[in-house]
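Reproduced below: protein02.pdb, with PDB, C-alpha atoms, pLDDT in the B column.
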ATOM      1  CA  MET A  28      -7.269   9.910  19.870  1.00 85.00           C
ATOM      2  CA  LYS A  29      -4.035   8.753  18.347  1.00 89.00           C
ATOM      3  CA  ILE A  30      -2.826   9.353  14.795  1.00 93.00           C
ATOM      4  CA  TYR A  31      -0.322   7.090  13.045  1.00 95.00           C
ATOM      5  CA  SER A  32       1.782   7.617   9.951  1.00 96.00           C
ATOM      6  CA  HIS A  33       5.302   6.924   8.688  1.00 96.00           C
ATOM      7  CA  GLU A  34       7.798   8.878   6.575  1.00 96.00           C
ATOM      8  CA  ASN A  35       8.263   5.945   4.163  1.00 96.00           C
ATOM      9  CA  LEU A  36       4.724   6.432   2.885  1.00 94.00           C
ATOM     10  CA  SER A  37       6.011   9.249   0.693  1.00 94.00           C
ATOM     11  CA  LEU A  38       8.418   7.000  -1.213  1.00 95.00           C
ATOM     12  CA  HIS A  39       5.749   5.677  -3.599  1.00 94.00           C
ATOM     13  CA  ARG A  40       5.677   8.111  -6.523  1.00 93.00           C
ATOM     14  CA  PRO A  41       3.622   6.900  -9.489  1.00 92.00           C
ATOM     15  CA  LEU A  42       4.506   8.235 -12.917  1.00 92.00           C
ATOM     16  CA  PRO A  43       2.148   9.588 -15.580  1.00 89.00           C
ATOM     17  CA  TYR A  44       0.643   6.697 -17.513  1.00 82.00           C
ATOM     18  CA  PHE A  45      -1.050   5.969 -20.812  1.00 80.00           C
ATOM     19  CA  SER A  46      -4.552   4.533 -20.602  1.00 77.00           C
ATOM     20  CA  TYR A  47      -7.574   4.524 -22.868  1.00 81.00           C
ATOM     21  CA  GLY A  48      -5.713   6.414 -25.578  1.00 89.00           C
ATOM     22  CA  LYS A  49      -4.326   9.298 -23.534  1.00 91.00           C
ATOM     23  CA  MET A  50      -1.811  10.232 -20.870  1.00 89.00           C
ATOM     24  CA  HIS A  51      -2.992  10.567 -17.275  1.00 87.00           C
ATOM     25  CA  GLU A  52      -1.322  12.256 -14.332  1.00 89.00           C
ATOM     26  CA  PRO A  53      -1.560  10.098 -11.214  1.00 88.00           C
ATOM     27  CA  LEU A  54      -3.909  11.547  -8.625  1.00 85.00           C
ATOM     28  CA  GLU A  55      -2.385   9.729  -5.677  1.00 86.00           C
ATOM     29  CA  ILE A  56       0.943  11.478  -5.167  1.00 91.00           C
ATOM     30  CA  PRO A  57       3.173  12.022  -2.085  1.00 93.00           C
ATOM     31  CA  GLU A  58       2.162  15.676  -1.880  1.00 93.00           C
ATOM     32  CA  ARG A  59      -1.316  14.565  -0.798  1.00 90.00           C
ATOM     33  CA  MET A  60       0.218  13.147   2.398  1.00 91.00           C
ATOM     34  CA  VAL A  61       2.111  16.385   3.019  1.00 92.00           C
ATOM     35  CA  GLU A  62      -1.156  18.311   2.848  1.00 93.00           C
ATOM     36  CA  LEU A  63      -3.032  15.771   4.961  1.00 92.00           C
ATOM     37  CA  LEU A  64      -0.427  15.911   7.738  1.00 94.00           C
ATOM     38  CA  LYS A  65      -0.851  19.675   8.020  1.00 96.00           C
ATOM     39  CA  ALA A  66      -4.255  19.189   9.693  1.00 95.00           C
ATOM     40  CA  PRO A  67      -3.114  17.505  12.926  1.00 95.00           C
ATOM     41  CA  VAL A  68      -0.246  19.987  13.227  1.00 94.00           C
ATOM     42  CA  ALA A  69      -2.690  22.888  12.889  1.00 96.00           C
ATOM     43  CA  LEU A  70      -4.878  21.311  15.590  1.00 95.00           C
ATOM     44  CA  GLY A  71      -1.934  20.690  17.905  1.00 96.00           C
ATOM     45  CA  LEU A  72      -2.279  16.906  17.629  1.00 95.00           C
ATOM     46  CA  GLU A  73       0.656  14.544  17.693  1.00 95.00           C
ATOM     47  CA  VAL A  74       1.304  12.135  14.841  1.00 96.00           C
ATOM     48  CA  THR A  75       2.920   8.921  16.074  1.00 95.00           C
ATOM     49  CA  THR A  76       5.425   7.192  13.813  1.00 97.00           C
ATOM     50  CA  ALA A  77       4.264   3.631  13.238  1.00 97.00           C
ATOM     51  CA  THR A  78       6.547   0.855  14.411  1.00 97.00           C
ATOM     52  CA  ASP A  79       7.257  -2.386  12.599  1.00 98.00           C
ATOM     53  CA  ILE A  80       4.903  -5.144  13.725  1.00 97.00           C
ATOM     54  CA  GLY A  81       6.117  -7.469  10.983  1.00 97.00           C
ATOM     55  CA  ILE A  82       4.808  -9.270   7.929  1.00 97.00           C
ATOM     56  CA  ALA A  83       2.879 -12.035   9.715  1.00 98.00           C
ATOM     57  CA  PRO A  84      -0.333 -10.010  10.235  1.00 96.00           C
ATOM     58  CA  ILE A  85      -0.275  -8.982   6.567  1.00 96.00           C
ATOM     59  CA  LEU A  86       0.076 -12.586   5.448  1.00 97.00           C
ATOM     60  CA  ALA A  87      -2.733 -13.580   7.803  1.00 96.00           C
ATOM     61  CA  VAL A  88      -5.231 -11.680   5.616  1.00 94.00           C
ATOM     62  CA  HIS A  89      -3.588 -11.595   2.181  1.00 94.00           C
ATOM     63  CA  ASP A  90      -2.596 -14.334  -0.236  1.00 93.00           C
ATOM     64  CA  PHE A  91       1.153 -15.054  -0.153  1.00 96.00           C
ATOM     65  CA  GLY A  92       1.412 -14.724  -3.954  1.00 95.00           C
ATOM     66  CA  TYR A  93      -0.168 -11.263  -3.817  1.00 94.00           C
ATOM     67  CA  VAL A  94       2.238 -10.056  -1.122  1.00 97.00           C
ATOM     68  CA  GLU A  95       5.196 -11.486  -3.044  1.00 97.00           C
ATOM     69  CA  PHE A  96       3.985  -9.700  -6.191  1.00 96.00           C
ATOM     70  CA  LEU A  97       3.824  -6.385  -4.323  1.00 96.00           C
ATOM     71  CA  LYS A  98       7.241  -6.994  -2.762  1.00 97.00           C
ATOM     72  CA  HIS A  99       9.143  -8.268  -5.818  1.00 98.00           C
ATOM     73  CA  GLY A 100       7.003  -7.327  -8.827  1.00 97.00           C
ATOM     74  CA  TYR A 101       8.924  -4.178  -9.678  1.00 97.00           C
ATOM     75  CA  ASP A 102      12.270  -6.013  -9.736  1.00 98.00           C
ATOM     76  CA  GLU A 103      10.780  -8.778 -11.908  1.00 97.00           C
ATOM     77  CA  TRP A 104       9.265  -6.171 -14.246  1.00 97.00           C
ATOM     78  CA  MET A 105      12.579  -4.361 -14.644  1.00 97.00           C
ATOM     79  CA  ALA A 106      14.450  -7.660 -15.237  1.00 97.00           C
ATOM     80  CA  VAL A 107      12.471  -8.375 -18.418  1.00 95.00           C
ATOM     81  CA  GLU A 108      14.681  -7.828 -21.461  1.00 95.00           C
ATOM     82  CA  GLU A 109      12.177  -5.728 -23.375  1.00 93.00           C
ATOM     83  CA  ASP A 110      11.211  -2.297 -22.044  1.00 93.00           C
ATOM     84  CA  LEU A 111       7.828  -2.703 -20.360  1.00 91.00           C
ATOM     85  CA  GLY A 112       7.920   0.800 -18.894  1.00 90.00           C
ATOM     86  CA  ALA A 113       9.152   2.307 -15.658  1.00 93.00           C
ATOM     87  CA  GLN A 114       6.389   0.905 -13.452  1.00 94.00           C
ATOM     88  CA  VAL A 115       4.368  -2.276 -13.172  1.00 94.00           C
ATOM     89  CA  GLN A 116       1.030  -1.499 -14.747  1.00 88.00           C
ATOM     90  CA  THR A 117      -1.413  -3.335 -16.905  1.00 85.00           C
ATOM     91  CA  GLY A 118      -4.802  -2.672 -18.385  1.00 80.00           C
ATOM     92  CA  ILE A 119      -5.478  -6.403 -18.559  1.00 85.00           C
ATOM     93  CA  TYR A 120      -7.198  -8.020 -15.585  1.00 87.00           C
ATOM     94  CA  VAL A 121      -7.290 -11.815 -15.460  1.00 90.00           C
ATOM     95  CA  PRO A 122      -7.759 -12.836 -11.809  1.00 86.00           C
ATOM     96  CA  TYR A 123      -9.276 -16.291 -12.303  1.00 87.00           C
ATOM     97  CA  ASP A 124      -7.637 -19.367 -13.818  1.00 90.00           C
ATOM     98  CA  ASN A 125      -4.419 -17.370 -14.035  1.00 90.00           C
ATOM     99  CA  PRO A 126      -1.476 -19.339 -12.648  1.00 90.00           C
ATOM    100  CA  GLY A 127       0.588 -16.138 -12.389  1.00 89.00           C
ATOM    101  CA  ILE A 128       3.606 -17.501 -14.235  1.00 92.00           C
ATOM    102  CA  GLY A 129       5.773 -14.589 -15.338  1.00 94.00           C
ATOM    103  CA  ILE A 130       5.505 -10.941 -14.406  1.00 95.00           C
ATOM    104  CA  MET A 131       2.926 -10.063 -17.083  1.00 93.00           C
ATOM    105  CA  ALA A 132       0.587 -12.798 -15.821  1.00 94.00           C
ATOM    106  CA  LYS A 133       1.135 -11.708 -12.216  1.00 95.00           C
ATOM    107  CA  ALA A 134       0.331  -8.100 -13.088  1.00 94.00           C
ATOM    108  CA  ALA A 135      -2.841  -9.237 -14.882  1.00 93.00           C
ATOM    109  CA  LYS A 136      -3.779 -11.344 -11.862  1.00 93.00           C
ATOM    110  CA  TYR A 137      -3.113  -8.833  -9.101  1.00 92.00           C
ATOM    111  CA  GLN A 138      -3.668  -5.371 -10.610  1.00 89.00           C
ATOM    112  CA  ALA A 139      -7.275  -4.516 -11.317  1.00 81.00           C
ATOM    113  CA  ASP A 140      -6.527  -1.455 -13.443  1.00 76.00           C
ATOM    114  CA  ASP A 141      -3.958   1.171 -14.446  1.00 76.00           C
ATOM    115  CA  SER A 142      -4.555   3.472 -11.475  1.00 77.00           C
ATOM    116  CA  ALA A 143      -2.492   1.513  -8.923  1.00 83.00           C
ATOM    117  CA  PRO A 144       0.968   1.160 -10.495  1.00 89.00           C
ATOM    118  CA  ILE A 145       3.960  -0.302  -8.694  1.00 93.00           C
ATOM    119  CA  SER A 146       7.270   1.492  -8.959  1.00 93.00           C
ATOM    120  CA  GLU A 147      10.699   1.210  -7.379  1.00 95.00           C
ATOM    121  CA  HIS A 148       9.746   2.192  -3.824  1.00 96.00           C
ATOM    122  CA  SER A 149       6.098   1.130  -3.790  1.00 95.00           C
ATOM    123  CA  TRP A 150       6.643  -1.955  -1.635  1.00 97.00           C
ATOM    124  CA  THR A 151       8.242   0.120   1.124  1.00 97.00           C
ATOM    125  CA  SER A 152       5.279   2.498   1.166  1.00 95.00           C
ATOM    126  CA  ILE A 153       2.770  -0.353   0.931  1.00 95.00           C
ATOM    127  CA  TYR A 154       4.445  -2.171   3.828  1.00 96.00           C
ATOM    128  CA  TRP A 155       4.470   0.918   6.047  1.00 96.00           C
ATOM    129  CA  SER A 156       0.902   1.745   5.121  1.00 94.00           C
ATOM    130  CA  ALA A 157      -0.072  -1.670   6.482  1.00 95.00           C
ATOM    131  CA  GLN A 158       2.068  -1.055   9.563  1.00 96.00           C
ATOM    132  CA  THR A 159       0.173   2.181  10.346  1.00 94.00           C
ATOM    133  CA  ALA A 160      -3.096   0.235  10.309  1.00 93.00           C
ATOM    134  CA  LEU A 161      -1.594  -2.548  12.406  1.00 94.00           C
ATOM    135  CA  ASN A 162      -0.325  -0.041  14.976  1.00 93.00           C
ATOM    136  CA  ALA A 163      -3.797   1.473  15.303  1.00 91.00           C
ATOM    137  CA  ALA A 164      -5.429  -1.951  15.579  1.00 90.00           C
ATOM    138  CA  GLU A 165      -2.933  -3.035  18.202  1.00 90.00           C
ATOM    139  CA  ALA A 166      -3.636   0.109  20.246  1.00 87.00           C
ATOM    140  CA  LEU A 167      -7.375  -0.554  20.085  1.00 84.00           C
ATOM    141  CA  LEU A 168      -6.868  -4.115  21.269  1.00 84.00           C
ATOM    142  CA  ASN A 169      -4.362  -3.212  23.977  1.00 78.00           C
ATOM    143  CA  ASP A 170      -5.999  -4.462  27.153  1.00 60.00           C
ATOM    144  CA  LYS A 171      -3.028  -3.319  29.274  1.00 66.00           C
ATOM    145  CA  ALA A 172      -4.168   0.295  29.044  1.00 61.00           C
ATOM    146  CA  THR A 173      -5.689   2.024  32.036  1.00 65.00           C
ATOM    147  CA  ASP A 174      -9.342   3.098  31.828  1.00 66.00           C
ATOM    148  CA  THR A 175      -8.237   6.671  31.080  1.00 64.00           C
ATOM    149  CA  GLU A 176      -5.828   5.543  28.356  1.00 62.00           C
ATOM    150  CA  ARG A 177      -8.480   3.242  26.892  1.00 60.00           C
ATOM    151  CA  ALA A 178     -11.000   6.103  26.788  1.00 60.00           C
ATOM    152  CA  ASP A 179      -8.430   8.240  24.980  1.00 62.00           C
ATOM    153  CA  SER A 180      -7.595   5.467  22.532  1.00 62.00           C
ATOM    154  CA  HIS A 181     -11.062   4.644  21.203  1.00 77.00           C
ATOM    155  CA  ILE A 182     -10.254   6.691  18.123  1.00 84.00           C
ATOM    156  CA  GLN A 183      -7.255   5.633  16.071  1.00 88.00           C
ATOM    157  CA  LEU A 184      -6.464   7.362  12.780  1.00 89.00           C
ATOM    158  CA  CYS A 185      -4.078   6.133  10.124  1.00 90.00           C
ATOM    159  CA  PHE A 186      -2.706   8.640   7.668  1.00 91.00           C
ATOM    160  CA  SER A 187      -1.349   6.326   5.034  1.00 90.00           C
ATOM    161  CA  ARG A 188      -0.777   5.792   1.357  1.00 90.00           C
ATOM    162  CA  PRO A 189      -0.674   4.461  -1.268  1.00 86.00           C
ATOM    163  CA  PRO A 190      -4.189   3.221  -1.557  1.00 76.00           C
ATOM    164  CA  GLY A 191      -4.340   0.004  -3.503  1.00 62.00           C
ATOM    165  CA  HIS A 192      -6.765  -2.146  -5.298  1.00 50.00           C
ATOM    166  CA  SER A 193      -7.159  -5.575  -3.796  1.00 44.00           C
ATOM    167  CA  SER A 194      -8.333  -7.771  -6.575  1.00 37.00           C
ATOM    168  CA  CYS A 195     -11.230 -10.163  -6.250  1.00 32.00           C
ATOM    169  CA  SER A 196      -8.821 -13.070  -6.483  1.00 34.00           C
ATOM    170  CA  GLN A 197      -7.345 -12.255  -3.101  1.00 37.00           C
ATOM    171  CA  LYS A 198      -9.175 -14.442  -0.632  1.00 37.00           C
ATOM    172  CA  ARG A 199      -9.002 -13.399   2.961  1.00 36.00           C
ATOM    173  CA  ARG A 200      -7.808 -16.034   5.319  1.00 38.00           C
ATOM    174  CA  GLY A 201      -9.648 -16.360   8.463  1.00 41.00           C
TER     175      GLY A 201
END
Can you dump the structure from the file as structure tokens?
Amino acid sequence: MKIYSHENLSLHRPLPYFSYGKMHEPLEIPERMVELLKAPVALGLEVTTATDIGIAPILAVHDFGYVEFLKHGYDEWMAVEEDLGAQVQTGIYVPYDNPGIGIMAKAAKYQADDSAPISEHSWTSIYWSAQTALNAAEALLNDKATDTERADSHIQLCFSRPPGHSSCSQKRRG
């Protein structure tokens, strides 16, 4: 068994947000990863730091516009003259017939609800979350391993965050 994670996963730190008439504390916070990573340490298991496999595998399964929104959405949000808040977040979901022109339209197209906000360091955590999964997948598909190594690598775990909400408008390529 091999476990993958990366220190950059803790950079995403969502802020409290207003939804349905009241303030909500985000449930998905970096401290959850700290607690999760205590388990392999207590069991004497090694956690491997994921390496960068690149963006190509991500773009192979996700719409380019979606990836660009995740990568640049925060900067676009902050560049708007009026104060839209400290993180990209919308309660409006318009995935279909939405050309995604302007940051508000992109947020409505790509964010299904208020519980998956994008803040200053979200893209870095999102990218490295994908890299942990890609590292595990690569290890599973590694046909260069010996029979013993292959037997030991049938189980691959990814300790990653943030979770996200892939909207229905994101068609998988394949």
Fill in: Shortest interatomic distance to Ala77 of chain A - which of A:Glu58, A:Asp140, A:Glu34, A:Asp102, counting only C-alpha atoms
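Of all the options, A:Glu34 lies closest to Ala77 of chain A.
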Discussion item. My list of candidates is A:Tyr44, A:Ser149, A:Leu72, A:Ile30. Which is closest to Gly112 of chain A when distances are computed with all atoms listed in the file?
Written reply: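 Ranking A:Tyr44, A:Ser149, A:Leu72, A:Ile30 by distance to Gly112 of chain A, first place goes to A:Tyr44.
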Practice prompt. Find the distance between atom CA of Leu161 of chain A and atom CA of Ala134 of chain A and write it in Å to one decimal.
Written response: 26.2 Å
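The residues returned by the PyMOL selection byres ((chain A and resi 158) around 7) for this structure are Ala77, Thr78, Asp79, Ile80, Tyr154, Trp155, Ser156, Ala157, Thr159, Ala160, Leu161 and Asn162 of chain A.
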Practice prompt. Would you mind telling me which residue in A:Glu55, A:Glu165, A:Glu73, A:Glu147 lies nearest to Trp104 of chain A when using only C-alpha atoms?
Written response: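 Checking each of A:Glu55, A:Glu165, A:Glu73, A:Glu147 against Trp104 of chain A, counting only C-alpha atoms, the winner is A:Glu147.
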Worksheet entry | Option closest in space to Pro67 of chain A, from A:Ile130, A:Ile85, A:Leu184, A:Asn169 [counting all atoms listed in the file] |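 Looking only at the distances to Pro67 of chain A, the closest residue turns out to be A:Leu184.
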Worksheet item: Got a sec to check which residues sit within 12 Å of (1.5, 17.2, 9.5), counting all atoms listed in the file, and write them as a list in words?
Response: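 Residues found, by chain and rising number: Ile30, Tyr31, Ser32, His33, Glu34, Glu58, Arg59, Met60, Val61, Glu62, Leu63, Leu64, Lys65, Ala66, Pro67, Val68, Ala69, Leu70, Gly71, Leu72, Glu73, Val74, Thr75, Thr76 and Phe186 of chain A.
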Save out the residues we just selected, C-alpha atoms, as a short mmCIF file (atom, residue, chain, number, x, y, z; two decimals), in the coordinates of the input.
data_model
loop_
_atom_site.label_atom_id
_atom_site.label_comp_id
_atom_site.auth_asym_id
_atom_site.auth_seq_id
_atom_site.Cartn_x
_atom_site.Cartn_y
_atom_site.Cartn_z
CA ILE A 30 -2.83 9.35 14.80
CA TYR A 31 -0.32 7.09 13.04
CA SER A 32 1.78 7.62 9.95
CA HIS A 33 5.30 6.92 8.69
CA GLU A 34 7.80 8.88 6.58
CA GLU A 58 2.16 15.68 -1.88
CA ARG A 59 -1.32 14.56 -0.80
CA MET A 60 0.22 13.15 2.40
CA VAL A 61 2.11 16.39 3.02
CA GLU A 62 -1.16 18.31 2.85
CA LEU A 63 -3.03 15.77 4.96
CA LEU A 64 -0.43 15.91 7.74
CA LYS A 65 -0.85 19.68 8.02
CA ALA A 66 -4.26 19.19 9.69
CA PRO A 67 -3.11 17.50 12.93
CA VAL A 68 -0.25 19.99 13.23
CA ALA A 69 -2.69 22.89 12.89
CA LEU A 70 -4.88 21.31 15.59
CA GLY A 71 -1.93 20.69 17.90
CA LEU A 72 -2.28 16.91 17.63
CA GLU A 73 0.66 14.54 17.69
CA VAL A 74 1.30 12.14 14.84
CA THR A 75 2.92 8.92 16.07
CA THR A 76 5.42 7.19 13.81
CA PHE A 186 -2.71 8.64 7.67
#
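This file gives the following result for the PyMOL selection byres ((chain A and resi 42) around 12): His39, Arg40, Pro41, Pro43, Tyr44, Phe45, Met50, His51, Glu52, Pro53, Leu54, Glu55, Ile56, Pro57, Gly112, Ala113, Gln114, Val115, Gln116, Asp141, Ser142, Ala143, Pro144, Ile145, Ser146, Glu147 and Ser149 of chain A.
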Using C-alpha atoms, can you export the residues from the last selection as an mmCIF file, in the coordinates of the input?
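This is the output file selection.cif:
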data_model
loop_
_atom_site.group_PDB
_atom_site.id
_atom_site.type_symbol
_atom_site.label_atom_id
_atom_site.label_comp_id
_atom_site.auth_asym_id
_atom_site.auth_seq_id
_atom_site.Cartn_x
_atom_site.Cartn_y
_atom_site.Cartn_z
ATOM 1 C CA HIS A 39 5.749 5.677 -3.599
ATOM 2 C CA ARG A 40 5.677 8.111 -6.523
ATOM 3 C CA PRO A 41 3.622 6.900 -9.489
ATOM 4 C CA PRO A 43 2.148 9.588 -15.580
ATOM 5 C CA TYR A 44 0.643 6.697 -17.513
ATOM 6 C CA PHE A 45 -1.050 5.969 -20.812
ATOM 7 C CA MET A 50 -1.811 10.232 -20.870
ATOM 8 C CA HIS A 51 -2.992 10.567 -17.275
ATOM 9 C CA GLU A 52 -1.322 12.256 -14.332
ATOM 10 C CA PRO A 53 -1.560 10.098 -11.214
ATOM 11 C CA LEU A 54 -3.909 11.547 -8.625
ATOM 12 C CA GLU A 55 -2.385 9.729 -5.677
ATOM 13 C CA ILE A 56 0.943 11.478 -5.167
ATOM 14 C CA PRO A 57 3.173 12.022 -2.085
ATOM 15 C CA GLY A 112 7.920 0.800 -18.894
ATOM 16 C CA ALA A 113 9.152 2.307 -15.658
ATOM 17 C CA GLN A 114 6.389 0.905 -13.452
ATOM 18 C CA VAL A 115 4.368 -2.276 -13.172
ATOM 19 C CA GLN A 116 1.030 -1.499 -14.747
ATOM 20 C CA ASP A 141 -3.958 1.171 -14.446
ATOM 21 C CA SER A 142 -4.555 3.472 -11.475
ATOM 22 C CA ALA A 143 -2.492 1.513 -8.923
ATOM 23 C CA PRO A 144 0.968 1.160 -10.495
ATOM 24 C CA ILE A 145 3.960 -0.302 -8.694
ATOM 25 C CA SER A 146 7.270 1.492 -8.959
ATOM 26 C CA GLU A 147 10.699 1.210 -7.379
ATOM 27 C CA SER A 149 6.098 1.130 -3.790
#
Discussion item. Please determine, counting all atoms listed in the file, which residue among A:His99, A:Lys29, A:Lys49, A:Arg188 has the shortest atom-to-atom distance to Lys133 of chain A.
Written reply: A:His99
Item to complete: Please work out which residues fall within 12 Å of (4.0, -12.3, 0.3), coordinates as given in the file, with all atoms listed in the file counting, and return them as a ChimeraX atom specification.
Response: /A:81-100,150,154,197
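Atom CA of Tyr101 of chain A to atom CA of Gly129 of chain A spans 12.3 Å [interatomic distance, one decimal].
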Item to complete: Have a look at atom CA of Gly48 of chain A and atom CA of Gln138 of chain A and let me know their distance in Å, one decimal.
Response: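 So the two atoms, atom CA of Gly48 of chain A and atom CA of Gln138 of chain A, lie 19.2 Å apart.
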Edge lengths and centre in Å to one decimal, as lines of an AutoDock Vina configuration file, is what I'm after for the box along x, y and z that holds all listed atoms of segment 127-131 of chain A once 8 Å is added on each side.
center_x = 3.2
center_y = -13.8
center_z = -14.7
size_x = 21.2
size_y = 23.4
size_z = 20.7
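Nearest residue to Ile119 of chain A, choosing from A:Ala135, A:Met105, A:Ala164, A:Leu36 and counting all atoms listed in the file: A:Ala135.
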Could you tell me which residues the PyMOL selection byres ((chain A and resi 167) around 8) returns for this structure, as an mmCIF file with C-alpha atoms, keeping the file's coordinate frame?
data_model
loop_
_atom_site.group_PDB
_atom_site.id
_atom_site.type_symbol
_atom_site.label_atom_id
_atom_site.label_comp_id
_atom_site.auth_asym_id
_atom_site.auth_seq_id
_atom_site.Cartn_x
_atom_site.Cartn_y
_atom_site.Cartn_z
ATOM 1 C CA ALA A 163 -3.797 1.473 15.303
ATOM 2 C CA ALA A 164 -5.429 -1.951 15.579
ATOM 3 C CA GLU A 165 -2.933 -3.035 18.202
ATOM 4 C CA ALA A 166 -3.636 0.109 20.246
ATOM 5 C CA LEU A 168 -6.868 -4.115 21.269
ATOM 6 C CA ASN A 169 -4.362 -3.212 23.977
ATOM 7 C CA ARG A 177 -8.480 3.242 26.892
ATOM 8 C CA SER A 180 -7.595 5.467 22.532
ATOM 9 C CA HIS A 181 -11.062 4.644 21.203
ATOM 10 C CA GLN A 183 -7.255 5.633 16.071
#
Can you complete the atoms of segment 126-132 of chain A to all heavy atoms and list them as a short mmCIF file (atom, residue, chain, number, x, y, z; two decimals), in the coordinates of the input?
data_model
loop_
_atom_site.label_atom_id
_atom_site.label_comp_id
_atom_site.auth_asym_id
_atom_site.auth_seq_id
_atom_site.Cartn_x
_atom_site.Cartn_y
_atom_site.Cartn_z
N PRO A 126 -2.48 -18.77 -13.55
CA PRO A 126 -1.48 -19.34 -12.65
C PRO A 126 -0.40 -18.35 -12.21
O PRO A 126 0.39 -18.64 -11.33
CB PRO A 126 -0.87 -20.48 -13.46
CG PRO A 126 -1.06 -20.07 -14.87
CD PRO A 126 -2.37 -19.30 -14.90
N GLY A 127 -0.38 -17.15 -12.80
CA GLY A 127 0.59 -16.14 -12.39
C GLY A 127 2.02 -16.50 -12.70
O GLY A 127 2.92 -16.20 -11.92
N ILE A 128 2.25 -17.13 -13.85
CA ILE A 128 3.61 -17.50 -14.24
C ILE A 128 4.16 -16.37 -15.11
O ILE A 128 3.63 -16.10 -16.18
CB ILE A 128 3.63 -18.85 -14.99
CG1 ILE A 128 3.12 -19.95 -14.04
CG2 ILE A 128 5.03 -19.16 -15.49
CD1 ILE A 128 2.89 -21.28 -14.71
N GLY A 129 5.18 -15.73 -14.63
CA GLY A 129 5.77 -14.59 -15.34
C GLY A 129 5.16 -13.28 -14.84
O GLY A 129 4.04 -13.24 -14.36
N ILE A 130 5.92 -12.23 -14.96
CA ILE A 130 5.50 -10.94 -14.41
C ILE A 130 4.27 -10.38 -15.10
O ILE A 130 3.43 -9.76 -14.46
CB ILE A 130 6.67 -9.92 -14.38
CG1 ILE A 130 6.27 -8.67 -13.61
CG2 ILE A 130 7.14 -9.58 -15.79
CD1 ILE A 130 5.83 -8.90 -12.17
N MET A 131 4.12 -10.58 -16.40
CA MET A 131 2.93 -10.06 -17.08
C MET A 131 1.67 -10.75 -16.56
O MET A 131 0.65 -10.10 -16.33
CB MET A 131 3.06 -10.25 -18.60
CG MET A 131 4.14 -9.42 -19.24
SD MET A 131 3.87 -7.63 -19.08
CE MET A 131 2.56 -7.40 -20.24
N ALA A 132 1.73 -12.06 -16.36
CA ALA A 132 0.59 -12.80 -15.82
C ALA A 132 0.29 -12.38 -14.38
O ALA A 132 -0.87 -12.25 -13.99
CB ALA A 132 0.83 -14.30 -15.90
#
